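Colleague: File model.cif below, mmCIF, C-alpha atoms and all ligand atoms:
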```cif
data_work
#
loop_
_atom_site.label_atom_id
_atom_site.label_comp_id
_atom_site.auth_asym_id
_atom_site.auth_seq_id
_atom_site.Cartn_x
_atom_site.Cartn_y
_atom_site.Cartn_z
CA MET A 1186 51.12 2.64 110.75
CA THR A 1187 50.50 2.65 106.99
CA THR A 1188 49.14 -0.46 105.26
CA LYS A 1189 48.96 0.60 101.57
CA ARG A 1190 50.87 3.79 100.74
CA GLY A 1191 48.81 6.70 101.98
CA TYR A 1192 46.28 4.44 103.72
CA TYR A 1193 45.74 3.74 107.40
CA GLY A 1194 43.56 0.65 107.46
CA CYS A 1195 40.75 1.63 105.07
CA PHE A 1196 41.17 5.38 105.75
CA GLY A 1197 43.25 8.00 103.97
CA GLY A 1198 44.16 7.90 100.29
CA ALA A 1199 44.34 10.75 97.79
CA PHE A 1200 41.02 11.50 96.12
CA MET A 1201 41.88 14.57 94.10
CA PRO A 1202 41.12 16.05 90.70
CA GLU A 1203 43.47 14.74 88.01
CA ILE A 1204 45.08 18.18 87.77
CA LEU A 1205 46.51 17.92 91.30
CA ILE A 1206 47.74 14.32 91.18
CA ALA A 1207 51.08 15.17 89.57
CA THR A 1208 51.71 17.89 92.17
CA LEU A 1209 50.89 15.50 95.01
CA SER A 1210 53.18 12.82 93.54
CA GLN A 1211 56.00 15.34 93.25
CA LEU A 1212 55.39 16.46 96.83
CA GLU A 1213 55.48 12.84 97.98
CA LYS A 1214 58.78 12.33 96.14
CA ASP A 1215 60.32 15.50 97.62
CA PHE A 1216 59.09 14.61 101.10
CA TYR A 1217 60.47 11.05 100.95
CA ALA A 1218 63.80 12.35 99.61
CA ALA A 1219 64.04 14.83 102.51
CA LYS A 1220 63.02 12.17 105.04
CA SER A 1221 65.68 9.76 103.86
CA ASP A 1222 68.34 12.47 103.89
CA PRO A 1223 70.03 12.08 107.31
CA GLY A 1224 70.79 15.82 107.37
CA PHE A 1225 67.14 16.86 107.02
CA TRP A 1226 65.85 15.87 110.48
CA SER A 1227 68.87 17.47 112.15
CA GLU A 1228 68.36 20.65 110.07
CA TYR A 1229 64.75 20.58 111.27
CA THR A 1230 65.52 20.03 114.99
CA SER A 1231 68.28 22.63 114.88
CA LEU A 1232 65.88 25.19 113.33
CA MET A 1233 63.24 24.36 115.93
CA SER A 1234 65.67 24.73 118.83
CA SER A 1235 67.02 28.07 117.66
CA TYR A 1236 63.71 29.54 116.41
CA SER A 1237 60.96 27.82 118.37
CA CYS A 1238 62.05 26.94 121.90
CA ARG A 1239 62.44 23.20 121.37
CA PRO A 1240 62.61 20.93 123.23
CA THR A 1241 59.53 22.36 124.94
CA PRO A 1242 59.42 21.67 128.68
CA LEU A 1243 57.46 18.94 130.43
CA THR A 1244 56.02 20.70 133.47
CA LEU A 1245 54.99 18.83 136.63
CA ALA A 1246 51.66 20.40 137.68
CA GLU A 1247 52.22 20.07 141.42
CA ASN A 1248 49.28 22.22 142.53
CA LEU A 1249 46.77 20.44 140.29
CA THR A 1250 48.16 17.09 141.39
CA ARG A 1251 47.61 18.07 145.02
CA TYR A 1252 44.18 19.58 144.26
CA PHE A 1253 42.82 16.42 142.64
CA GLY A 1254 44.63 14.12 145.07
CA GLY A 1255 45.04 11.34 142.54
CA ALA A 1256 47.38 10.86 139.58
CA ARG A 1257 50.58 12.91 139.08
CA ILE A 1258 49.91 15.39 136.29
CA TYR A 1259 52.49 16.55 133.77
CA ILE A 1260 51.87 19.13 131.04
CA LYS A 1261 53.78 19.06 127.73
CA ARG A 1262 54.27 22.72 126.92
CA GLU A 1263 53.65 23.08 123.18
CA ASP A 1264 52.24 26.52 124.05
CA LEU A 1265 55.85 27.66 124.43
CA ASN A 1266 56.59 27.16 120.76
CA HIS A 1267 57.20 30.32 118.75
CA THR A 1268 53.73 31.68 117.75
CA GLY A 1269 52.15 29.90 120.69
CA ALA A 1270 51.16 26.46 119.47
CA HIS A 1271 52.33 23.11 118.13
CA LYS A 1272 51.42 24.39 114.64
CA ALA A 1273 54.96 25.77 114.37
CA ASN A 1274 56.39 22.22 114.26
CA ASN A 1275 54.55 21.34 111.08
CA VAL A 1276 54.89 24.70 109.40
CA MET A 1277 58.62 25.13 109.85
CA GLY A 1278 59.14 21.57 108.61
CA GLN A 1279 57.07 22.25 105.50
CA GLY A 1280 58.96 25.54 105.09
CA LEU A 1281 62.24 23.62 104.87
CA LEU A 1282 60.62 21.41 102.23
CA VAL A 1283 59.43 24.45 100.25
CA LYS A 1284 63.01 25.70 100.21
CA ARG A 1285 64.14 22.34 98.78
CA MET A 1286 61.34 22.42 96.20
CA GLY A 1287 62.22 25.97 95.15
CA LYS A 1288 58.64 27.30 95.33
CA LYS A 1289 58.03 30.97 96.06
CA ARG A 1290 54.50 31.11 97.44
CA VAL A 1291 52.60 29.32 100.19
CA ILE A 1292 48.90 29.09 100.94
CA ALA A 1293 47.18 27.76 104.04
CA GLU A 1294 43.77 27.29 105.62
CA THR A 1295 43.18 28.10 109.26
CA GLY A 1296 40.45 27.75 111.89
CA ALA A 1297 41.67 29.15 115.20
CA GLY A 1298 44.21 31.21 113.28
CA GLN A 1299 47.19 29.55 114.98
CA HIS A 1300 48.16 27.66 111.84
CA GLY A 1301 47.67 30.83 109.78
CA VAL A 1302 49.92 32.85 112.08
CA ALA A 1303 52.51 30.06 112.07
CA THR A 1304 52.44 29.91 108.25
CA ALA A 1305 52.66 33.70 107.89
CA THR A 1306 55.62 33.65 110.30
CA MET A 1307 57.36 30.91 108.36
CA ALA A 1308 56.73 32.79 105.07
CA ALA A 1309 58.23 35.96 106.56
CA ARG A 1310 61.26 34.05 107.77
CA PHE A 1311 61.82 32.24 104.44
CA GLY A 1312 60.85 35.18 102.21
CA LEU A 1313 57.76 33.61 100.63
CA ASP A 1314 54.47 35.15 99.48
CA CYS A 1315 51.62 33.95 101.65
CA THR A 1316 47.83 33.75 101.38
CA VAL A 1317 45.73 32.37 104.22
CA TYR A 1318 42.11 31.22 103.81
CA MET A 1319 39.87 31.53 106.85
CA GLY A 1320 36.11 31.09 107.32
CA GLU A 1321 34.26 34.36 107.94
CA VAL A 1322 33.00 33.08 111.32
CA ASP A 1323 36.56 32.31 112.42
CA VAL A 1324 37.77 35.70 111.15
CA GLU A 1325 35.28 37.22 113.57
CA ARG A 1326 36.13 35.11 116.61
CA GLN A 1327 39.90 35.06 116.10
CA ARG A 1328 40.42 38.69 115.06
CA PRO A 1329 43.75 39.11 116.95
CA ASN A 1330 45.26 36.32 114.87
CA VAL A 1331 43.97 37.92 111.64
CA PHE A 1332 45.67 41.14 112.71
CA TRP A 1333 48.97 39.33 113.25
CA MET A 1334 48.82 37.42 109.97
CA GLU A 1335 48.33 40.67 108.08
CA GLN A 1336 51.12 42.42 109.98
CA LEU A 1337 53.40 39.48 109.17
CA GLY A 1338 52.75 40.17 105.48
CA ALA A 1339 50.13 37.55 104.62
CA THR A 1340 46.93 38.18 102.68
CA VAL A 1341 43.98 36.83 104.68
CA VAL A 1342 40.97 35.78 102.58
CA SER A 1343 37.69 35.61 104.49
CA VAL A 1344 35.70 32.64 103.11
CA LYS A 1345 31.95 33.22 102.95
CA ASP A 1346 30.81 29.78 101.68
CA GLY A 1347 29.04 27.05 103.65
CA SER A 1348 29.33 27.24 107.41
CA ARG A 1349 32.17 29.77 106.96
CA THR A 1350 34.56 27.74 109.16
CA LEU A 1351 37.56 25.46 108.66
CA LYS A 1352 36.20 23.02 106.06
CA ASP A 1353 35.17 25.92 103.80
CA ALA A 1354 38.59 27.52 104.20
CA MET A 1355 40.16 24.17 103.25
CA ASN A 1356 37.97 23.91 100.11
CA GLU A 1357 39.01 27.40 99.06
CA ALA A 1358 42.70 26.66 99.62
CA MET A 1359 42.36 23.53 97.43
CA ARG A 1360 40.74 25.67 94.71
CA ASP A 1361 43.63 28.14 94.82
CA TRP A 1362 46.16 25.28 94.72
CA SER A 1363 44.56 23.74 91.60
CA ALA A 1364 45.27 27.00 89.79
CA SER A 1365 48.68 27.82 91.26
CA MET A 1366 50.53 24.58 92.00
CA GLU A 1367 53.49 25.38 89.70
CA THR A 1368 54.68 28.12 92.03
CA THR A 1369 52.75 27.45 95.21
CA HIS A 1370 52.94 24.95 98.07
CA TYR A 1371 49.83 24.26 100.14
CA VAL A 1372 50.90 24.18 103.81
CA LEU A 1373 48.09 21.98 105.10
CA GLY A 1374 47.70 22.53 108.82
CA THR A 1375 46.77 19.15 110.20
CA VAL A 1376 47.06 15.39 109.68
CA CYS A 1377 44.19 15.34 107.17
CA GLY A 1378 43.73 15.86 103.44
CA PRO A 1379 45.15 13.70 100.66
CA HIS A 1380 48.34 11.65 100.92
CA PRO A 1381 51.14 12.62 101.56
CA PHE A 1382 49.84 15.34 103.92
CA PRO A 1383 48.79 13.14 106.87
CA GLU A 1384 52.11 11.29 106.76
CA MET A 1385 54.13 14.48 106.33
CA VAL A 1386 52.41 16.43 109.11
CA ALA A 1387 52.61 13.39 111.43
CA TYR A 1388 56.35 13.18 110.70
CA PHE A 1389 57.02 16.77 111.76
CA GLN A 1390 54.69 16.63 114.77
CA SER A 1391 56.22 13.36 116.00
CA ILE A 1392 58.88 15.52 117.64
CA ILE A 1393 56.39 16.14 120.51
CA GLY A 1394 56.10 12.49 121.54
CA GLN A 1395 59.80 11.78 121.00
CA GLU A 1396 60.64 14.55 123.46
CA VAL A 1397 57.99 13.45 125.99
CA LYS A 1398 59.37 9.92 125.99
CA GLN A 1399 62.90 11.10 126.65
CA GLN A 1400 61.83 13.66 129.25
CA MET A 1401 59.62 11.19 131.09
CA LEU A 1402 62.34 8.54 131.23
CA GLN A 1403 64.75 11.16 132.60
CA ARG A 1404 62.29 12.52 135.18
CA GLU A 1405 60.44 9.42 136.31
CA GLY A 1406 62.54 6.57 134.96
CA ARG A 1407 59.49 5.13 133.26
CA LEU A 1408 56.80 5.85 130.70
CA PRO A 1409 53.57 7.68 131.62
CA ASP A 1410 50.39 5.66 132.21
CA ARG A 1411 48.06 7.90 130.23
CA ILE A 1412 48.40 10.65 127.66
CA TYR A 1413 45.64 13.12 126.78
CA ALA A 1414 45.48 15.32 123.69
CA CYS A 1415 42.71 17.36 122.09
CA VAL A 1416 41.62 16.37 118.58
CA GLY A 1417 40.63 18.79 115.84
CA GLY A 1418 42.20 17.47 112.66
CA GLY A 1419 44.47 15.49 114.96
CA SER A 1420 48.00 16.83 114.54
CA ASN A 1421 48.94 17.51 118.16
CA ALA A 1422 47.38 14.19 119.16
CA VAL A 1423 49.18 12.17 116.49
CA GLY A 1424 52.32 14.16 117.34
CA ILE A 1425 52.36 13.14 120.98
CA PHE A 1426 50.88 9.62 120.54
CA THR A 1427 53.11 8.29 117.74
CA ALA A 1428 56.16 7.62 119.94
CA PHE A 1429 54.00 5.49 122.27
CA LEU A 1430 51.97 3.38 119.85
CA GLU A 1431 54.03 0.27 120.51
CA ASP A 1432 54.09 0.84 124.29
CA ARG A 1433 50.82 -0.92 125.02
CA GLN A 1434 50.93 -0.07 128.73
CA VAL A 1435 50.51 3.63 127.88
CA GLU A 1436 46.82 4.52 127.46
CA LEU A 1437 46.20 7.10 124.75
CA HIS A 1438 43.15 9.40 125.00
CA GLY A 1439 41.96 11.79 122.29
CA VAL A 1440 39.45 14.45 123.35
CA GLU A 1441 37.11 16.05 120.82
CA ALA A 1442 34.80 19.05 120.99
CA GLY A 1443 31.59 18.09 122.78
CA GLY A 1444 30.25 21.63 122.28
CA LYS A 1445 26.84 21.97 123.92
CA GLY A 1446 26.78 18.21 124.62
CA LEU A 1447 26.71 15.22 122.26
CA ALA A 1448 22.95 14.83 122.65
CA SER A 1449 22.37 18.45 121.53
CA GLY A 1450 23.78 17.81 118.06
CA HIS A 1451 25.84 21.01 118.47
CA HIS A 1452 29.33 19.57 118.63
CA ALA A 1453 32.30 18.58 116.46
CA SER A 1454 32.82 15.06 117.72
CA ARG A 1455 33.59 12.57 114.96
CA LEU A 1456 35.14 9.67 116.82
CA ALA A 1457 33.62 9.95 120.30
CA SER A 1458 30.03 10.35 119.10
CA THR A 1459 27.99 8.04 116.91
CA ASP A 1460 27.02 10.93 114.63
CA ALA A 1461 29.80 10.65 112.03
CA ARG A 1462 29.91 8.30 109.05
CA VAL A 1463 32.72 7.16 106.79
CA GLY A 1464 32.94 9.19 103.62
CA ILE A 1465 35.29 10.79 101.14
CA ALA A 1466 35.75 14.55 101.06
CA GLN A 1467 38.54 17.10 100.89
CA GLY A 1468 40.78 14.51 99.24
CA TYR A 1469 40.66 11.69 101.79
CA LYS A 1470 38.53 8.99 103.39
CA THR A 1471 37.61 9.22 107.04
CA PHE A 1472 34.73 9.78 109.47
CA PHE A 1473 32.84 12.95 108.60
CA LEU A 1474 29.91 14.58 110.31
CA GLN A 1475 27.46 14.31 107.42
CA ASP A 1476 23.76 13.79 106.86
CA GLU A 1477 22.01 10.82 105.19
CA GLU A 1478 22.72 12.30 101.73
CA GLY A 1479 26.40 12.74 102.52
CA GLN A 1480 26.09 16.53 102.87
CA MET A 1481 28.50 17.92 105.44
CA LYS A 1482 26.81 19.04 108.65
CA GLU A 1483 27.37 22.24 110.55
CA THR A 1484 29.76 21.71 113.43
CA TYR A 1485 29.98 23.61 116.66
CA SER A 1486 32.63 24.24 119.30
CA VAL A 1487 33.71 27.13 121.49
CA ALA A 1488 37.21 26.30 120.19
CA ALA A 1489 37.64 27.34 116.56
CA GLY A 1490 40.54 24.92 116.08
CA LEU A 1491 38.41 21.86 116.89
CA ASP A 1492 35.41 22.92 114.83
CA TYR A 1493 35.97 20.58 111.87
CA ILE A 1494 33.84 17.91 110.13
CA GLY A 1495 36.61 15.43 109.29
CA VAL A 1496 39.36 13.86 111.35
CA SER A 1497 42.77 12.38 110.67
CA PRO A 1498 42.67 9.04 108.84
CA ILE A 1499 45.52 7.98 111.14
CA LEU A 1500 43.33 8.51 114.19
CA ALA A 1501 40.26 6.96 112.55
CA ASN A 1502 42.29 3.80 112.04
CA LEU A 1503 43.75 3.80 115.56
CA ARG A 1504 40.21 4.12 116.92
CA GLU A 1505 39.15 1.09 114.85
CA THR A 1506 42.10 -0.94 116.15
CA GLY A 1507 41.30 0.12 119.72
CA ARG A 1508 44.73 1.65 120.32
CA ILE A 1509 43.33 5.11 121.10
CA GLN A 1510 40.18 5.90 123.07
CA PHE A 1511 38.14 8.96 122.16
CA HIS A 1512 36.04 11.20 124.38
CA ALA A 1513 34.34 14.56 124.21
CA ALA A 1514 34.45 17.53 126.59
CA THR A 1515 31.71 20.16 126.56
CA ASP A 1516 32.25 23.92 126.24
CA ASN A 1517 31.30 24.40 129.89
CA GLU A 1518 33.81 21.80 131.08
CA VAL A 1519 36.45 23.41 128.88
CA ILE A 1520 35.93 26.90 130.28
CA GLU A 1521 36.10 25.47 133.80
CA ALA A 1522 39.35 23.64 132.91
CA VAL A 1523 40.89 26.90 131.62
CA ARG A 1524 39.85 28.70 134.82
CA LEU A 1525 41.26 25.99 137.07
CA THR A 1526 44.56 25.66 135.18
CA MET A 1527 45.10 29.43 135.33
CA LYS A 1528 44.29 29.65 139.04
CA LYS A 1529 46.25 26.58 140.16
CA GLU A 1530 49.28 26.63 137.86
CA GLY A 1531 49.55 30.10 136.32
CA ILE A 1532 49.22 28.50 132.90
CA ILE A 1533 46.64 29.59 130.29
CA PRO A 1534 45.75 26.77 127.92
CA ALA A 1535 44.17 27.47 124.53
CA LEU A 1536 40.47 26.55 124.40
CA GLU A 1537 41.45 23.70 122.08
CA SER A 1538 44.02 22.28 124.50
CA ALA A 1539 41.63 22.74 127.42
CA HIS A 1540 39.54 19.86 126.03
CA ALA A 1541 42.40 17.50 126.94
CA PHE A 1542 42.72 19.14 130.36
CA ALA A 1543 38.97 18.87 131.00
CA TYR A 1544 38.87 15.14 130.34
CA ALA A 1545 42.09 14.46 132.27
CA TYR A 1546 40.61 16.40 135.21
CA ARG A 1547 37.58 14.11 135.14
CA GLU A 1548 39.84 11.08 135.51
CA ALA A 1549 42.72 12.35 137.71
CA PRO A 1550 40.89 12.20 141.08
CA THR A 1551 39.83 8.59 140.47
CA LEU A 1552 43.38 7.36 139.82
CA SER A 1553 46.04 6.24 142.29
CA LYS A 1554 48.89 8.56 143.31
CA ASP A 1555 51.46 6.47 141.45
CA THR A 1556 49.65 6.95 138.13
CA ILE A 1557 51.36 9.40 135.79
CA LEU A 1558 49.33 11.50 133.34
CA VAL A 1559 50.62 13.71 130.55
CA ILE A 1560 48.37 16.39 129.06
CA ASN A 1561 49.45 17.91 125.78
CA GLN A 1562 49.01 21.66 125.99
CA SER A 1563 48.86 22.26 122.24
CA GLY A 1564 48.72 26.04 122.52
CA ARG A 1565 48.39 29.07 124.74
CA GLY A 1566 45.13 30.82 125.47
CA ASP A 1567 46.04 34.46 124.78
CA LYS A 1568 44.31 34.30 121.40
CA ASP A 1569 41.06 33.31 123.16
CA ILE A 1570 40.89 36.37 125.38
CA PHE A 1571 37.59 37.60 123.87
CA THR A 1572 35.86 34.22 124.12
CA ILE A 1573 37.18 33.47 127.61
CA ALA A 1574 36.32 36.94 128.91
CA ASP A 1575 32.77 36.49 127.55
CA ALA A 1576 32.43 33.01 129.01
CA LEU A 1577 33.67 34.17 132.42
CA GLY A 1578 31.47 37.29 132.15
CA ASP A 1579 34.39 39.58 132.98
CA ALA A 1580 32.84 43.00 133.57
CA LYS A 1581 36.13 44.97 133.65
CA TRP A 1582 37.15 43.58 130.27
CA LYS A 1583 33.76 44.49 128.78
CA GLU A 1584 34.09 48.00 130.13
CA PHE A 1585 37.56 48.27 128.59
CA ILE A 1586 36.30 47.12 125.17
CA ILE A 1587 33.36 49.56 125.23
CA LYS A 1588 35.72 52.42 126.14
CA LYS A 1589 38.13 51.42 123.39
CA ALA A 1590 35.31 51.27 120.80
CA ARG A 1591 34.04 54.69 121.89
CA GLY A 1592 37.59 56.00 121.45
CA TYR A 1593 37.64 54.72 117.85
CA GLU A 1594 34.19 56.24 117.14
CA SER A 1595 35.25 59.67 118.30
CA HIS A 1596 38.37 59.73 116.06
C1 LIG B 1601 46.11 25.46 119.97
C2 LIG B 1601 45.47 24.46 119.06
N1 LIG B 1601 45.32 23.19 119.49
C3 LIG B 1601 44.74 22.25 118.71
C4 LIG B 1601 44.27 22.55 117.45
C5 LIG B 1601 43.62 21.47 116.66
O1 LIG B 1601 44.40 20.99 115.64
P1 LIG B 1601 45.05 19.54 115.68
O2 LIG B 1601 43.97 18.59 116.07
O3 LIG B 1601 45.53 19.34 114.30
O4 LIG B 1601 46.14 19.54 116.68
C6 LIG B 1601 44.43 23.87 116.94
C7 LIG B 1601 43.96 24.22 115.60
O5 LIG B 1601 43.92 25.34 115.18
C8 LIG B 1601 45.03 24.83 117.78
O6 LIG B 1601 45.20 26.11 117.37
#
```
What is this structure when it is put down as structure tokens?
Modeller:
Amino acid sequence: MTTKRGYYGCFGGAFMPEILIATLSQLEKDFYAAKSDPGFWSEYTSLMSSYSCRPTPLTLAENLTRYFGGARIYIKREDLNHTGAHKANNVMGQGLLVKRMGKKRVIAETGAGQHGVATATMAARFGLDCTVYMGEVDVERQRPNVFWMEQLGATVVSVKDGSRTLKDAMNEAMRDWSASMETTHYVLGTVCGPHPFPEMVAYFQSIIGQEVKQQMLQREGRLPDRIYACVGGGSNAVGIFTAFLEDRQVELHGVEAGGKGLASGHHASRLASTDARVGIAQGYKTFFLQDEEGQMKETYSVAAGLDYIGVSPILANLRETGRIQFHAATDNEVIEAVRLTMKKEGIIPALESAHAFAYAYREAPTLSKDTILVINQSGRGDKDIFTIADALGDAKWKEFIIKKARGYESH
């Protein structure tokens, strides 16, 4: 995939202050040494199978298949990873690297909180100090995850700059790293940022697609026709797509946050809309949602984990080459997809993952019965209980929360 080291076509690179270049070069060296050590991948897969439920199942969604009456729908169950999302794949891999590097502290940025919880979990398991940066808006909407991070022993810093979401958390984490790199590793949560992060995160997440390929060949004796994954930074998408890049007959579909609709301007769609422009920020070159002066725009999505201004340079390049198609699903479609998946299959997708479901549901009825679809369920929806209950207008839940709050007031 890489043309020049750290580049994907014209995207990627490492645009960092001089002070961080040596740390990044050392990280690259340590990562390449681990990657070329035949024992490292087996140490990784063994850790993931004993600690994180890998290989995750590939579930045939029989009821949904019948309901839509078109393509056969499979769901790759990354929600069954320890901590409830694909984020564990990347974090545990980087944790093994930290052990090799001998560092004692990790920092991370998080949007939905899933990456923060995964990092705090890894730090607890490996005995590392942990600080997680999170935008103030995300702290509000993902409070249960903040609670868990703190209980797991991490310090959560609420970032009050800018739009107080993921990009601001990422800026703050970079600031911390500039001052602490001797002792600290930055566990970047997605396939973005300066080289070698995109390559490293893609490497650990590639386990998703490798498993899907094997499972699909075992179950169906052939590859799927289409794969759908949601795209925030892009790690679950790159993770499931990578194994299929050379299999041209497999269509790859990335689904971004369409928010209130692309025409409304309230969305976080970089590759499916025409609103993003190529720029350099946060250490790498890609499509960013930015204004004429290059100032980053506010983004919007019901799903905190997709609410980001940049996107993986790997995906930006694969869009340019036409290998992956990009789409957007609106908040309303996403809530409907969560509702339908719960009712028909007894599965609760995260709001982020539900973007992939929503777009696949648009297409499934129009496809023939011998078409096979795979949807990557990147995470489980428990963390979204407040947002989903609001969106569905659940009166009993509201009553419960009011009662609970009254109980706290009277203590
Ligand atoms: C469940 C889930 N899915 C998807 C994402 C988006 O990240 P990525 O595009 O890197 O997979 C997040 C980010 O927090 C997430 O929590």
Colleague: Which is closest to ligand LIG 1601 (chain B) among A:Gly1450, A:Gly1394, A:Gly1418, A:Gly1439, if we use only C-alpha atoms and all ligand atoms?
Modeller: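 For ligand LIG 1601 (chain B), the nearest of the given residues is A:Gly1418.
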Colleague: List as a list of chain:residue names: which residues have an atom within 6 Å of (41.3, 22.7, 121.4), counting all atoms listed in the file?
Modeller: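 Taken together, the residues in range are A:Cys1415, A:Ala1488, A:Gly1490, A:Leu1491, A:Leu1536, A:Glu1537, A:Ser1538, A:His1540.
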Colleague: Out of A:Arg1591, A:His1596, A:Arg1239, A:Lys1581, which residue has the shortest atom-to-atom distance to A:Glu1396 when counting only C-alpha atoms?
Modeller: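 Nearest candidate to A:Glu1396 out of A:Arg1591, A:His1596, A:Arg1239, A:Lys1581: A:Arg1239.
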Colleague: So which one's closest to A:Lys1529, A:Arg1251, A:Lys1345, A:Lys1288, A:Lys1214? Using all atoms listed in the file, please.
Modeller: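 Looking only at the distances to A:Lys1529, the closest residue turns out to be A:Arg1251.
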Colleague: Could you give me the residues within 8 Å of ligand LIG 1601 (chain B), counting all atoms listed in the file, as number ranges by chain?
Modeller: A: 1264, 1269-1272, 1295-1300, 1374-1376, 1415-1423, 1489-1491, 1535-1538, 1562-1566
Colleague: Anything within 12 Å of (62.3, 20.4, 129.2): list those residues as a VMD selection string, counting all atoms listed in the file and sticking to the file's coordinates.
Modeller: chain A and resid 1234 1238 to 1245 1259 to 1263 1265 1393 1396 to 1401 1403 to 1404
Colleague: Measure the distance from atom CA of A:Glu1548 to atom CA of A:Phe1426 in Å and round it to one decimal.
Modeller: 18.7 Å
Colleague: Find the distance between atom CA of A:Gly1424 and atom CA of A:Ile1560 and write it in Å to one decimal.
Modeller: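 Those two atoms sit 12.6 Å apart.
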Colleague: If you count all atoms listed in the file, which residues fall within 10 Å of stretch 1202-1210 of chain A, apart from same-chain ones fewer than 4 positions away, as a ChimeraX atom specification?
Modeller: /A:1214-1216,1359,1362-1364,1366-1367,1370,1379-1382,1468
Colleague: Of the candidates A:Gln1434, A:Ser1553, A:Asn1517, A:Ser1221, which one gets nearest to A:Ile1573 if we count all atoms listed in the file?
Modeller: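 Between A:Gln1434, A:Ser1553, A:Asn1517, A:Ser1221, the residue approaching A:Ile1573 most closely is A:Asn1517.
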